[in-house]
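Worksheet: one structure, shown below.
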Amino acid sequence: MLRVLKFGGTSVGTLERIQNVTEIVKKFRNQGDDIVVVVSAMSGETNKLIEYANHYSKTPNEKEMDMLLSSGERVTSALLSISLNEQGFEATSMSGREAGILTTSEHTSARIENIQTKNIKDAINDGKIIIVAGFQGVSTTNHRVTTLGRGGSDLTAVALAGALKADLCEIYTDVDGIYTTDPRLVPKAKKLEKISYDEMLELASLGAKVLQNRSVEMAKKLNVNLVSRSSFTPEIEGTLITKEENIMEKPIVSGIALDRNQVRIGMYGVIDKPGIASSIFTALADAKINVDMIVQTVGTNNTTNLDFTIPSSDLKKTKKVMADFKSDSKNIDYNDAICKVSIVGVGMKSHTGVASKAFSALANENINIRIISTSEIKISMIVDEKYAELAVRSLHDAYELEK
Ligand code: ADP
Ligand code: ASP
Ligand code: MG
């Protein structure tokens, strides 16, 4: 069988940890499996490289950033290959380019357009273990190295698993699966045996960084058998991310996500005229800013208030865009002392009273909800950052997710 194994930053964080990964790969090899490994940079390495760049510039050239950041995963891919070779296993490392990962030229957040699998397939046929540097590809237009956005090695693994029609794509990290919420935040969180692609996609998009959201989207599209498990306890089975119909018992709420990296932007006293929202949100979209929750309150005296949220990483760009709309309102306020807590579950589609339970749970703790938004399978609430952990814990209790 063909396995794609991905090891995240903490799993390759030290030379000893890479030795541990060597053992996991050897075990599958000795079992007779074909193996493509995808590795992240050592933990902290990508952040360190970003800091280095920021030493010289707050707005470094994005092509140069990709040249810089892609180096982290090249280091670990070569080290793992060297380690396997030394132990008598034939392995070869590949950069994203060598692995045939062709992308758009949106540097620092490129999208995969196509994967040319010839090099990898040839190497598999030669009996080699392939170690691909994650998080990177090559632009089809300017032929420069690109990166796939933070956490992008997950995407490399899933995309390769899809293109190679692998039997399994296992994402090894520092927790042994997907929990009802971040187990570091709520120690009594429960591990899920299975979770649907749609629920996992919501959790990932709403802050659960255990899987990169684009990787889950790709897994769903290509129908990849995706497993999240731990390289620290590889004997423990992880969580399967799969189609909804493969899950017999569908809980109403499957999990809770927390996103601390949100900013709430309030525009007060906006002149209430047709087209104003359209021009603001078009300008934000053109700048590729990911606007999430939007609330417009009922106007008085020909003015209205407009509130919306963006990821903190887009704050600089947003302030630049909003400068053009200064004269359209009395005041624009930026508040980053907030967070977004979300509850996710496919069972919500067919149950009533799910939202009211969440609101009561927060009310009981005297936590004020600033903005609410809902979809078929999720409810998101903006609350003050200081209540982040309390909000997650009280929601976890309210839905009895530890059971
Ligand atoms: P890697 O470096 O292996 O890619 P990440 O740090 O990106 O790992 O993701 C793993 C972390 O995700 C865990 O350490 C855990 O704290 C966090 N996490 C957040 N939400 C969840 C969840 N629902 N289930 C499991 N882990 C979660
Ligand atoms: N090293 C990259 C990051 O830290 C990619 C990854 O780890 O998946 O975002
Ligand atoms: Mg990750």
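Here's how to read the names in the structure tokens: chain A, B, ... by the order shown, residue numbers from 1 in each chain, ligand numbers from 1 in the order shown.
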
Next on the checklist: Please find the residues contacting ligand 2 at a distance of at most 6 Å between atoms, with only C-alpha atoms and all ligand atoms counted, and report them as a PyMOL selection string.
Outcome noted: chain A and resi 8-9+40-41+46+135+150-154

Give me, as a CSV table (one decimal) with N, CA and C atoms, in the first residue's frame, all polymer residues having an atom no more than 10 Å from Ala78 in chain A, counting only C-alpha atoms and skipping those fewer than 4 positions away in the same chain.
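Final output, out25.csv:
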```csv
chain,number,residue,atom,x,y,z
A,39,VAL,N,7.7,16.6,5.3
A,39,VAL,CA,8.1,17.2,6.6
A,39,VAL,C,8.0,18.7,6.6
A,73,GLU,N,12.0,23.8,5.5
A,73,GLU,CA,11.6,22.4,5.3
A,73,GLU,C,12.6,21.6,4.4
A,74,ARG,N,13.4,22.3,3.7
A,74,ARG,CA,14.5,21.6,2.9
A,74,ARG,C,15.5,21.0,3.9
A,82,ILE,N,19.1,11.6,5.1
A,82,ILE,CA,20.4,11.2,5.5
A,82,ILE,C,20.4,10.2,6.6
A,83,SER,N,19.5,10.4,7.6
A,83,SER,CA,19.3,9.5,8.7
A,83,SER,C,18.8,8.1,8.2
A,84,LEU,N,17.9,8.1,7.3
A,84,LEU,CA,17.4,6.8,6.8
A,84,LEU,C,18.5,6.1,6.0
A,91,ALA,N,16.6,6.4,0.6
A,91,ALA,CA,15.7,7.5,0.6
A,91,ALA,C,16.2,8.6,-0.2
A,92,THR,N,15.3,9.5,-0.7
A,92,THR,CA,15.8,10.6,-1.4
A,92,THR,C,14.9,11.8,-1.1
A,93,SER,N,15.6,13.0,-0.8
A,93,SER,CA,14.7,14.2,-0.5
A,93,SER,C,14.4,14.9,-1.8
A,94,MET,N,13.3,15.6,-1.7
A,94,MET,CA,12.9,16.5,-2.9
A,94,MET,C,12.4,17.8,-2.4
A,95,SER,N,12.7,18.9,-3.1
A,95,SER,CA,12.1,20.2,-2.8
A,95,SER,C,10.7,20.1,-3.4
A,131,ILE,N,11.3,11.8,0.5
A,131,ILE,CA,11.0,12.8,1.6
A,131,ILE,C,10.8,14.2,1.0
A,132,VAL,N,9.6,14.6,1.0
A,132,VAL,CA,9.3,15.9,0.3
A,132,VAL,C,9.3,17.1,1.3
A,133,ALA,N,10.0,18.1,1.0
A,133,ALA,CA,10.0,19.4,1.8
A,133,ALA,C,8.6,20.0,1.7
```

Item to check | DSSP-assigned strand (DSSP E) members of range 60-169 of chain A, reported as a PyMOL selection string | outcome: chain A and resi 91-94+101-103+112-115+129-133+136-139+145-147+168-169

Next on the checklist: Need to verify the contact set: Lys317 in chain A, 9 Å, only C-alpha atoms, exclusion of same-chain residues closer than 5 positions in sequence. Can you return it as a list in words?
Outcome noted: Leu284, Ala287, Ile289 and Met322 of chain A

Just all heavy atoms for this one: save the residues we selected as an mmCIF file, in the first residue's frame.
```cif
data_model
loop_
_atom_site.group_PDB
_atom_site.id
_atom_site.type_symbol
_atom_site.label_atom_id
_atom_site.label_comp_id
_atom_site.auth_asym_id
_atom_site.auth_seq_id
_atom_site.Cartn_x
_atom_site.Cartn_y
_atom_site.Cartn_z
ATOM 1 N N LEU A 284 -11.922 45.946 0.381
ATOM 2 C CA LEU A 284 -11.264 44.963 1.251
ATOM 3 C C LEU A 284 -11.017 43.658 0.498
ATOM 4 O O LEU A 284 -9.954 43.040 0.613
ATOM 5 C CB LEU A 284 -12.111 44.710 2.503
ATOM 6 C CG LEU A 284 -12.186 45.895 3.491
ATOM 7 C CD1 LEU A 284 -13.292 45.663 4.526
ATOM 8 C CD2 LEU A 284 -10.851 46.104 4.207
ATOM 9 N N ALA A 287 -8.155 43.842 -1.838
ATOM 10 C CA ALA A 287 -6.868 43.760 -1.132
ATOM 11 C C ALA A 287 -6.652 42.356 -0.545
ATOM 12 O O ALA A 287 -5.729 42.141 0.237
ATOM 13 C CB ALA A 287 -6.810 44.813 -0.041
ATOM 14 N N ILE A 289 -8.367 40.748 1.663
ATOM 15 C CA ILE A 289 -8.565 40.689 3.109
ATOM 16 C C ILE A 289 -9.789 39.823 3.387
ATOM 17 O O ILE A 289 -10.837 39.997 2.775
ATOM 18 C CB ILE A 289 -8.736 42.107 3.696
ATOM 19 C CG1 ILE A 289 -7.410 42.861 3.549
ATOM 20 C CG2 ILE A 289 -9.177 42.049 5.161
ATOM 21 C CD1 ILE A 289 -7.524 44.338 3.662
ATOM 22 N N MET A 322 -8.854 51.159 4.793
ATOM 23 C CA MET A 322 -9.882 51.937 5.478
ATOM 24 C C MET A 322 -9.561 53.437 5.481
ATOM 25 O O MET A 322 -10.460 54.261 5.662
ATOM 26 C CB MET A 322 -10.065 51.434 6.919
ATOM 27 C CG MET A 322 -10.622 50.018 7.024
ATOM 28 S SD MET A 322 -12.140 49.772 6.095
ATOM 29 C CE MET A 322 -13.275 50.681 7.108
#
```

Checklist entry - Using only C-alpha atoms and all ligand atoms, which protein or nucleic acid residues are at most 8 Å from ligand 1, as a PyMOL selection string? => result chain A and resi 7-11+40+43+151+153-154+171-185+191+203-204+207-212+255-258

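Contact shell of Gly275 in chain A at 12 Å (only C-alpha atoms; same-chain neighbours under 6 positions omitted): Phe281, Thr282 and Asp328 of chain A.
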
Could you list, with a cut-off of 12 Å and counting only C-alpha atoms, the residues of range 258-343 of chain A near range 350-364 of chain A, each shown with its nearest atom pair and the distance in Å rounded to one decimal, rows sorted by chain and ascending number, as a tab-separated table?
```
residue	atom	partner	partner_atom	distance
A:Val341	CA	A:Ala358	CA	10.4
A:Ser342	CA	A:Ala358	CA	9.6
A:Ile343	CA	A:Ala358	CA	8.4
```

Checklist entry - Using only C-alpha atoms, which residues sit within 9 Å of range 114-118 of chain A once same-chain residues fewer than 3 positions away are excluded, as a list in words? => result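 Here the qualifying residues turn out to be Ala99, Gly100, Ile101, Leu102, Thr103, Lys121, Asp122, Ala123, Ala159, Leu160, Ala163 and Leu164 of chain A.
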
Can I get the selected residues back with all heavy atoms, as a tab-separated table (two decimals), in the first residue's frame?
```tsv
chain	number	residue	atom	x	y	z
A	99	ALA	N	9.41	17.72	-6.50
A	99	ALA	CA	8.25	16.85	-6.30
A	99	ALA	C	7.13	17.18	-7.30
A	99	ALA	O	6.09	16.55	-7.29
A	99	ALA	CB	7.74	16.97	-4.87
A	100	GLY	N	7.34	18.20	-8.13
A	100	GLY	CA	6.38	18.52	-9.19
A	100	GLY	C	5.17	19.33	-8.73
A	100	GLY	O	4.12	19.29	-9.37
A	101	ILE	N	5.33	20.06	-7.63
A	101	ILE	CA	4.19	20.82	-7.10
A	101	ILE	C	4.14	22.20	-7.76
A	101	ILE	O	4.95	23.09	-7.45
A	101	ILE	CB	4.28	20.91	-5.56
A	101	ILE	CG1	4.21	19.48	-5.01
A	101	ILE	CG2	3.14	21.78	-4.99
A	101	ILE	CD1	4.41	19.37	-3.54
A	102	LEU	N	3.21	22.35	-8.69
A	102	LEU	CA	3.11	23.58	-9.47
A	102	LEU	C	2.02	24.47	-8.88
A	102	LEU	O	0.91	24.02	-8.61
A	102	LEU	CB	2.78	23.25	-10.93
A	102	LEU	CG	3.70	22.24	-11.60
A	102	LEU	CD1	3.30	22.03	-13.06
A	102	LEU	CD2	5.16	22.66	-11.50
A	103	THR	N	2.36	25.73	-8.69
A	103	THR	CA	1.43	26.63	-7.98
A	103	THR	C	1.18	27.93	-8.76
A	103	THR	O	1.85	28.21	-9.76
A	103	THR	CB	1.99	27.03	-6.59
A	103	THR	OG1	3.03	27.99	-6.79
A	103	THR	CG2	2.54	25.84	-5.83
A	121	LYS	N	6.92	9.16	-8.75
A	121	LYS	CA	6.57	7.79	-9.17
A	121	LYS	C	7.82	7.01	-9.60
A	121	LYS	O	7.96	5.83	-9.25
A	121	LYS	CB	5.55	7.82	-10.29
A	121	LYS	CG	4.14	8.09	-9.77
A	121	LYS	CD	3.13	8.01	-10.88
A	121	LYS	CE	1.70	8.17	-10.34
A	121	LYS	NZ	0.79	8.70	-11.37
A	122	ASP	N	8.71	7.67	-10.34
A	122	ASP	CA	9.95	7.00	-10.74
A	122	ASP	C	10.74	6.55	-9.52
A	122	ASP	O	11.27	5.44	-9.47
A	122	ASP	CB	10.82	7.94	-11.60
A	122	ASP	CG	10.23	8.12	-13.00
A	122	ASP	OD1	9.28	7.39	-13.35
A	122	ASP	OD2	10.72	9.01	-13.73
A	123	ALA	N	10.83	7.46	-8.53
A	123	ALA	CA	11.60	7.13	-7.33
A	123	ALA	C	10.95	5.98	-6.56
A	123	ALA	O	11.65	5.09	-6.04
A	123	ALA	CB	11.75	8.36	-6.45
A	159	ALA	N	-2.36	16.99	-0.84
A	159	ALA	CA	-2.36	17.13	-2.30
A	159	ALA	C	-1.58	15.99	-2.94
A	159	ALA	O	-2.00	15.43	-3.96
A	159	ALA	CB	-1.77	18.48	-2.69
A	160	LEU	N	-0.44	15.61	-2.34
A	160	LEU	CA	0.34	14.50	-2.88
A	160	LEU	C	-0.44	13.19	-2.75
A	160	LEU	O	-0.47	12.38	-3.68
A	160	LEU	CB	1.69	14.38	-2.16
A	160	LEU	CG	2.76	15.39	-2.57
A	160	LEU	CD1	3.99	15.24	-1.69
A	160	LEU	CD2	3.14	15.20	-4.05
A	163	ALA	N	-2.98	13.22	-5.51
A	163	ALA	CA	-2.40	13.06	-6.85
A	163	ALA	C	-1.85	11.65	-7.06
A	163	ALA	O	-1.92	11.10	-8.16
A	163	ALA	CB	-1.31	14.10	-7.07
A	164	LEU	N	-1.30	11.06	-6.01
A	164	LEU	CA	-0.69	9.72	-6.14
A	164	LEU	C	-1.71	8.61	-5.85
A	164	LEU	O	-1.37	7.44	-5.89
A	164	LEU	CB	0.47	9.58	-5.14
A	164	LEU	CG	1.67	10.51	-5.36
A	164	LEU	CD1	2.57	10.52	-4.13
A	164	LEU	CD2	2.45	10.07	-6.60
```

Checklist entry - From the list A:Thr156, A:Ser196, A:Asn20, A:Ser105, which residue is nearest Glu244 in chain A when using only C-alpha atoms? => result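 Closest residue, counting only C-alpha atoms: A:Ser196.
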
Next on the checklist: Need the shell around Ala219 in chain A: protein/DNA/RNA residues with any atom at most 9 Å away, counting only C-alpha atoms. Skip same-chain ones fewer than 2 positions apart. Format as a ChimeraX atom specification?
Outcome noted: /A:155,158-159,161-162,197,214-217,221-226,241-242
